[in-house]
Amino acid sequence: FFPSSRSINMKVFALFALAGSAAAFAPAQSGKSSTALNVNELEIGATEPLGVFDPLGWIETQPEAFERRRAVERKHGRIAMAAVVGTIVHNNHIVFDGYISPSNNLKFSDIPLGADGIRAIPTAGLAQILAFFALVELAWMPASKYDGDYGVGYFGTNIEDPEEKARKLNVELNNGRAAMMGIIGNLVAEQLTGQTMYEQYAAGHFNPFNDGQGALFN
């Protein structure tokens, strides 16, 4: 079996998408520096031209809730980044070998692409996934730890330079915001077009409103 040129192009596109995501949303240096390793959370994520985006004024009226909301934003961004990478990988038919459920004779390659794939996972498998999430949330990476630092470092290393730490935290937060928009956009596009990410790109259907292939509007 030899992959088609279209399949190869899809995989090349996926690699470029993954490699370019960090650079695309990396903020410029703000010019501010800190003498402590505990960076100012108000400066993190304050990217031009919006700066500190707080249209409802919650930082002033509810300052005690800011730390929790920032922690929630950071964690949701991390989950969304993992979801985007997983979606791209799975839509390029990169899966584990073997069976996800030997008792049901269900292989990893049998799981459909797109959001409908979760419906193919057996109930016991979903229960294991939820149990793992609970373990992570309550023990390994508890939600009560608002700074998001779980002791694993940056690829196993600790960043001692405060400016470098602030820059990487800024990149993470902005990439997480982009990923949240990206995964939601992908799910909405699937519902509008009736096609998975792979099917849309493989068929060249980049506009869900006028290509006539499962789109909402023809």
# chains A, B, ... in the order shown; residues from 1 in each chain; ligands from 1

$ residues_around --residues "segment 61-70 of chain A" --least-positions-apart "5" --cutoff "10 Å" --atoms "only C-alpha atoms" --output "PyMOL selection string"
chain A and resi 41-42+44-45+56+75-76+143-148+173

$ write_last_selection --atoms "N, CA, C and O atoms" --output "mmCIF file, in the first residue's frame"
data_model
loop_
_atom_site.group_PDB
_atom_site.id
_atom_site.type_symbol
_atom_site.label_atom_id
_atom_site.label_comp_id
_atom_site.auth_asym_id
_atom_site.auth_seq_id
_atom_site.Cartn_x
_atom_site.Cartn_y
_atom_site.Cartn_z
ATOM 1 N N GLU A 41 0.693 38.231 36.996
ATOM 2 C CA GLU A 41 -0.325 37.579 36.175
ATOM 3 C C GLU A 41 -1.091 38.573 35.315
ATOM 4 O O GLU A 41 -1.642 38.211 34.288
ATOM 5 N N LEU A 42 -1.153 39.840 35.724
ATOM 6 C CA LEU A 42 -1.846 40.833 34.916
ATOM 7 C C LEU A 42 -1.083 41.128 33.632
ATOM 8 O O LEU A 42 -1.670 41.514 32.624
ATOM 9 N N ILE A 44 0.807 38.798 32.096
ATOM 10 C CA ILE A 44 0.736 37.597 31.270
ATOM 11 C C ILE A 44 -0.566 37.620 30.474
ATOM 12 O O ILE A 44 -1.654 37.802 31.022
ATOM 13 N N GLY A 45 -0.469 37.424 29.169
ATOM 14 C CA GLY A 45 -1.656 37.404 28.322
ATOM 15 C C GLY A 45 -2.147 38.768 27.882
ATOM 16 O O GLY A 45 -3.095 38.856 27.107
ATOM 17 N N LEU A 56 -15.777 44.043 31.234
ATOM 18 C CA LEU A 56 -16.779 44.101 32.300
ATOM 19 C C LEU A 56 -16.212 44.643 33.607
ATOM 20 O O LEU A 56 -16.947 44.787 34.593
ATOM 21 N N LYS A 75 -5.901 26.306 32.282
ATOM 22 C CA LYS A 75 -6.145 24.857 32.199
ATOM 23 C C LYS A 75 -6.978 24.511 30.971
ATOM 24 O O LYS A 75 -6.689 23.545 30.271
ATOM 25 N N HIS A 76 -7.998 25.295 30.687
ATOM 26 C CA HIS A 76 -8.813 25.047 29.492
ATOM 27 C C HIS A 76 -7.976 25.208 28.223
ATOM 28 O O HIS A 76 -8.178 24.482 27.241
ATOM 29 N N ALA A 143 -7.119 21.380 40.769
ATOM 30 C CA ALA A 143 -7.653 22.672 40.335
ATOM 31 C C ALA A 143 -7.382 23.762 41.355
ATOM 32 O O ALA A 143 -7.404 24.953 41.023
ATOM 33 N N SER A 144 -7.135 23.380 42.597
ATOM 34 C CA SER A 144 -6.885 24.374 43.641
ATOM 35 C C SER A 144 -5.503 25.016 43.534
ATOM 36 O O SER A 144 -5.224 26.021 44.196
ATOM 37 N N LYS A 145 -4.635 24.458 42.694
ATOM 38 C CA LYS A 145 -3.295 25.021 42.509
ATOM 39 C C LYS A 145 -3.363 26.017 41.355
ATOM 40 O O LYS A 145 -3.179 25.679 40.191
ATOM 41 N N TYR A 146 -3.637 27.264 41.684
ATOM 42 C CA TYR A 146 -3.969 28.264 40.677
ATOM 43 C C TYR A 146 -2.795 28.677 39.801
ATOM 44 O O TYR A 146 -3.001 29.169 38.688
ATOM 45 N N ASP A 147 -1.550 28.529 40.266
ATOM 46 C CA ASP A 147 -0.441 29.019 39.452
ATOM 47 C C ASP A 147 -0.129 28.112 38.262
ATOM 48 O O ASP A 147 0.635 28.486 37.373
ATOM 49 N N GLY A 148 -0.724 26.915 38.213
ATOM 50 C CA GLY A 148 -0.526 26.020 37.074
ATOM 51 C C GLY A 148 0.828 25.358 37.020
ATOM 52 O O GLY A 148 1.144 24.662 36.053
ATOM 53 N N LEU A 173 -0.329 30.897 27.225
ATOM 54 C CA LEU A 173 -1.676 31.422 27.419
ATOM 55 C C LEU A 173 -2.313 31.813 26.093
ATOM 56 O O LEU A 173 -3.478 31.504 25.830
#

$ closest_residue --among "A:Gly51, A:Pro122, A:Gly98, A:Gly77" --to "Ile184 of chain A" --atoms "only C-alpha atoms"
A:Gly77

$ select_by_dssp --residues "segment 24-149 of chain A" --states "helix (DSSP H, G or I)" --output "number ranges by chain"
A: 24, 58-61, 63-91, 102-104, 108-110, 115-120, 123-140

$ select_by_dssp --residues "segment 83-162 of chain A" --states "strand (DSSP E)" --output "MDAnalysis selection string"
chainID A and resid 99:101 106:107

$ residues_around --residues "Ile121 of chain A" --least-positions-apart "3" --cutoff "12 Å" --atoms "only C-alpha atoms" --output "list in words"
Tyr99, Ile100, Ser101, Asn104, Asn105, Leu106, Lys107, Phe108, Ser109, Asp110, Ile111, Pro112, Ala115, Asp116, Gly117, Ile118, Ala124, Gly125, Leu126, Ala127, Gln128 and Ile129 of chain A

$ write_last_selection --atoms "all heavy atoms" --output "short mmCIF file (atom, residue, chain, number, x, y, z; two decimals), in the first residue's frame"
data_model
loop_
_atom_site.label_atom_id
_atom_site.label_comp_id
_atom_site.auth_asym_id
_atom_site.auth_seq_id
_atom_site.Cartn_x
_atom_site.Cartn_y
_atom_site.Cartn_z
N TYR A 99 -5.96 -3.23 19.67
CA TYR A 99 -7.37 -3.10 20.01
C TYR A 99 -7.57 -2.13 21.18
O TYR A 99 -6.85 -2.17 22.17
CB TYR A 99 -7.94 -4.47 20.41
CG TYR A 99 -8.04 -5.44 19.27
CD1 TYR A 99 -6.95 -6.18 18.86
CD2 TYR A 99 -9.25 -5.60 18.58
CE1 TYR A 99 -7.04 -7.07 17.79
CE2 TYR A 99 -9.35 -6.49 17.51
CZ TYR A 99 -8.24 -7.22 17.12
OH TYR A 99 -8.34 -8.08 16.07
N ILE A 100 -8.59 -1.31 21.04
CA ILE A 100 -9.01 -0.47 22.16
C ILE A 100 -9.92 -1.26 23.09
O ILE A 100 -9.99 -0.99 24.29
CB ILE A 100 -9.72 0.81 21.65
CG1 ILE A 100 -9.99 1.76 22.82
CG2 ILE A 100 -11.01 0.48 20.90
CD1 ILE A 100 -10.55 3.11 22.39
N SER A 101 -10.60 -2.26 22.52
CA SER A 101 -11.46 -3.14 23.31
C SER A 101 -11.45 -4.53 22.70
O SER A 101 -12.25 -4.83 21.81
CB SER A 101 -12.90 -2.59 23.36
OG SER A 101 -13.76 -3.47 24.06
N ASN A 104 -14.76 -6.43 22.59
CA ASN A 104 -15.72 -5.99 21.56
C ASN A 104 -15.14 -6.07 20.15
O ASN A 104 -15.78 -5.60 19.20
CB ASN A 104 -16.15 -4.54 21.83
CG ASN A 104 -17.02 -4.42 23.07
OD1 ASN A 104 -18.01 -5.12 23.23
ND2 ASN A 104 -16.63 -3.53 23.97
N ASN A 105 -13.92 -6.64 20.05
CA ASN A 105 -13.24 -6.75 18.76
C ASN A 105 -13.14 -5.39 18.07
O ASN A 105 -13.32 -5.25 16.86
CB ASN A 105 -13.97 -7.76 17.85
CG ASN A 105 -13.10 -8.21 16.69
OD1 ASN A 105 -11.87 -8.30 16.82
ND2 ASN A 105 -13.72 -8.47 15.54
N LEU A 106 -12.83 -4.37 18.88
CA LEU A 106 -12.79 -2.99 18.39
C LEU A 106 -11.35 -2.50 18.38
O LEU A 106 -10.72 -2.41 19.44
CB LEU A 106 -13.66 -2.08 19.27
CG LEU A 106 -13.76 -0.61 18.85
CD1 LEU A 106 -14.51 -0.48 17.53
CD2 LEU A 106 -14.46 0.19 19.95
N LYS A 107 -10.84 -2.18 17.21
CA LYS A 107 -9.48 -1.67 17.07
C LYS A 107 -9.47 -0.14 17.18
O LYS A 107 -10.49 0.52 16.97
CB LYS A 107 -8.88 -2.09 15.73
CG LYS A 107 -8.71 -3.58 15.54
CD LYS A 107 -8.09 -3.88 14.19
CE LYS A 107 -7.86 -5.37 14.00
NZ LYS A 107 -7.25 -5.67 12.68
N PHE A 108 -8.30 0.42 17.47
CA PHE A 108 -8.16 1.87 17.48
C PHE A 108 -8.48 2.45 16.10
O PHE A 108 -9.07 3.52 15.99
CB PHE A 108 -6.73 2.26 17.88
CG PHE A 108 -6.44 2.11 19.34
CD1 PHE A 108 -5.75 1.01 19.82
CD2 PHE A 108 -6.86 3.08 20.25
CE1 PHE A 108 -5.48 0.88 21.17
CE2 PHE A 108 -6.59 2.96 21.59
CZ PHE A 108 -5.90 1.84 22.06
N SER A 109 -8.11 1.71 15.07
CA SER A 109 -8.36 2.19 13.70
C SER A 109 -9.84 2.15 13.34
O SER A 109 -10.23 2.71 12.32
CB SER A 109 -7.56 1.34 12.70
OG SER A 109 -7.88 -0.03 12.83
N ASP A 110 -10.66 1.49 14.16
CA ASP A 110 -12.10 1.43 13.89
C ASP A 110 -12.84 2.66 14.40
O ASP A 110 -14.01 2.86 14.06
CB ASP A 110 -12.72 0.18 14.54
CG ASP A 110 -12.19 -1.11 13.92
OD1 ASP A 110 -11.85 -1.09 12.72
OD2 ASP A 110 -12.13 -2.13 14.64
N ILE A 111 -12.18 3.45 15.24
CA ILE A 111 -12.84 4.64 15.80
C ILE A 111 -12.99 5.67 14.70
O ILE A 111 -12.01 6.07 14.05
CB ILE A 111 -12.01 5.23 16.96
CG1 ILE A 111 -11.79 4.18 18.05
CG2 ILE A 111 -12.68 6.47 17.52
CD1 ILE A 111 -13.05 3.71 18.71
N PRO A 112 -14.21 6.14 14.43
CA PRO A 112 -14.43 7.12 13.36
C PRO A 112 -13.71 8.44 13.65
O PRO A 112 -13.43 8.78 14.80
CB PRO A 112 -15.95 7.32 13.35
CG PRO A 112 -16.51 6.15 14.10
CD PRO A 112 -15.46 5.75 15.10
N ALA A 115 -15.96 14.28 15.82
CA ALA A 115 -16.60 14.26 17.14
C ALA A 115 -17.40 12.98 17.38
O ALA A 115 -17.59 12.57 18.53
CB ALA A 115 -17.52 15.47 17.28
N ASP A 116 -17.87 12.34 16.31
CA ASP A 116 -18.66 11.13 16.48
C ASP A 116 -17.83 9.95 16.97
O ASP A 116 -18.39 8.92 17.37
CB ASP A 116 -19.33 10.75 15.15
CG ASP A 116 -20.49 11.67 14.81
OD1 ASP A 116 -21.03 12.30 15.74
OD2 ASP A 116 -20.84 11.77 13.62
N GLY A 117 -16.51 10.09 16.95
CA GLY A 117 -15.67 8.99 17.39
C GLY A 117 -15.90 8.60 18.84
O GLY A 117 -15.76 7.43 19.19
N ILE A 118 -16.29 9.57 19.68
CA ILE A 118 -16.47 9.26 21.10
C ILE A 118 -17.63 8.29 21.30
O ILE A 118 -17.65 7.52 22.27
CB ILE A 118 -16.70 10.56 21.91
CG1 ILE A 118 -16.53 10.27 23.40
CG2 ILE A 118 -18.06 11.17 21.61
CD1 ILE A 118 -16.49 11.52 24.25
N ALA A 124 -17.24 1.11 29.21
CA ALA A 124 -16.14 0.88 30.16
C ALA A 124 -14.94 1.76 29.83
O ALA A 124 -14.25 2.25 30.73
CB ALA A 124 -15.74 -0.59 30.15
N GLY A 125 -14.69 1.97 28.55
CA GLY A 125 -13.59 2.83 28.14
C GLY A 125 -13.83 4.28 28.53
O GLY A 125 -12.91 4.96 29.01
N LEU A 126 -15.06 4.75 28.35
CA LEU A 126 -15.39 6.12 28.75
C LEU A 126 -15.26 6.29 30.26
O LEU A 126 -14.80 7.33 30.74
CB LEU A 126 -16.82 6.46 28.31
CG LEU A 126 -17.05 6.57 26.80
CD1 LEU A 126 -18.53 6.79 26.52
CD2 LEU A 126 -16.22 7.71 26.21
N ALA A 127 -15.64 5.24 31.01
CA ALA A 127 -15.52 5.30 32.47
C ALA A 127 -14.05 5.40 32.89
O ALA A 127 -13.70 6.15 33.81
CB ALA A 127 -16.16 4.07 33.10
N GLN A 128 -13.17 4.69 32.19
CA GLN A 128 -11.74 4.76 32.49
C GLN A 128 -11.19 6.16 32.18
O GLN A 128 -10.36 6.69 32.94
CB GLN A 128 -10.98 3.72 31.68
CG GLN A 128 -11.27 2.28 32.09
CD GLN A 128 -10.59 1.28 31.18
OE1 GLN A 128 -9.44 1.47 30.78
NE2 GLN A 128 -11.30 0.22 30.83
N ILE A 129 -11.64 6.74 31.08
CA ILE A 129 -11.19 8.09 30.72
C ILE A 129 -11.62 9.10 31.80
O ILE A 129 -10.83 9.94 32.25
CB ILE A 129 -11.74 8.49 29.34
CG1 ILE A 129 -11.12 7.63 28.25
CG2 ILE A 129 -11.48 9.98 29.07
CD1 ILE A 129 -11.73 7.83 26.89
#

$ atom_distance --atom1 "atom CA of Gly182 of chain A" --atom2 "atom CA of Thr87 of chain A"
10.5 Å

$ atom_distance --atom1 "atom CA of Arg78 of chain A" --atom2 "atom CA of His205 of chain A"
28.7 Å

$ closest_residue --among "A:Ile94, A:Asn186, A:Glu60, A:Gly176" --to "Val72 of chain A" --atoms "only C-alpha atoms"
A:Gly176

$ residues_around --residues "His90 of chain A" --least-positions-apart "5" --cutoff "9 Å" --atoms "only C-alpha atoms" --output "list of chain:residue names"
A:Val85, A:Val95, A:Leu113, A:Gly114

$ atom_distance --atom1 "atom CA of Ala179 of chain A" --atom2 "atom CA of Gln200 of chain A"
19.0 Å
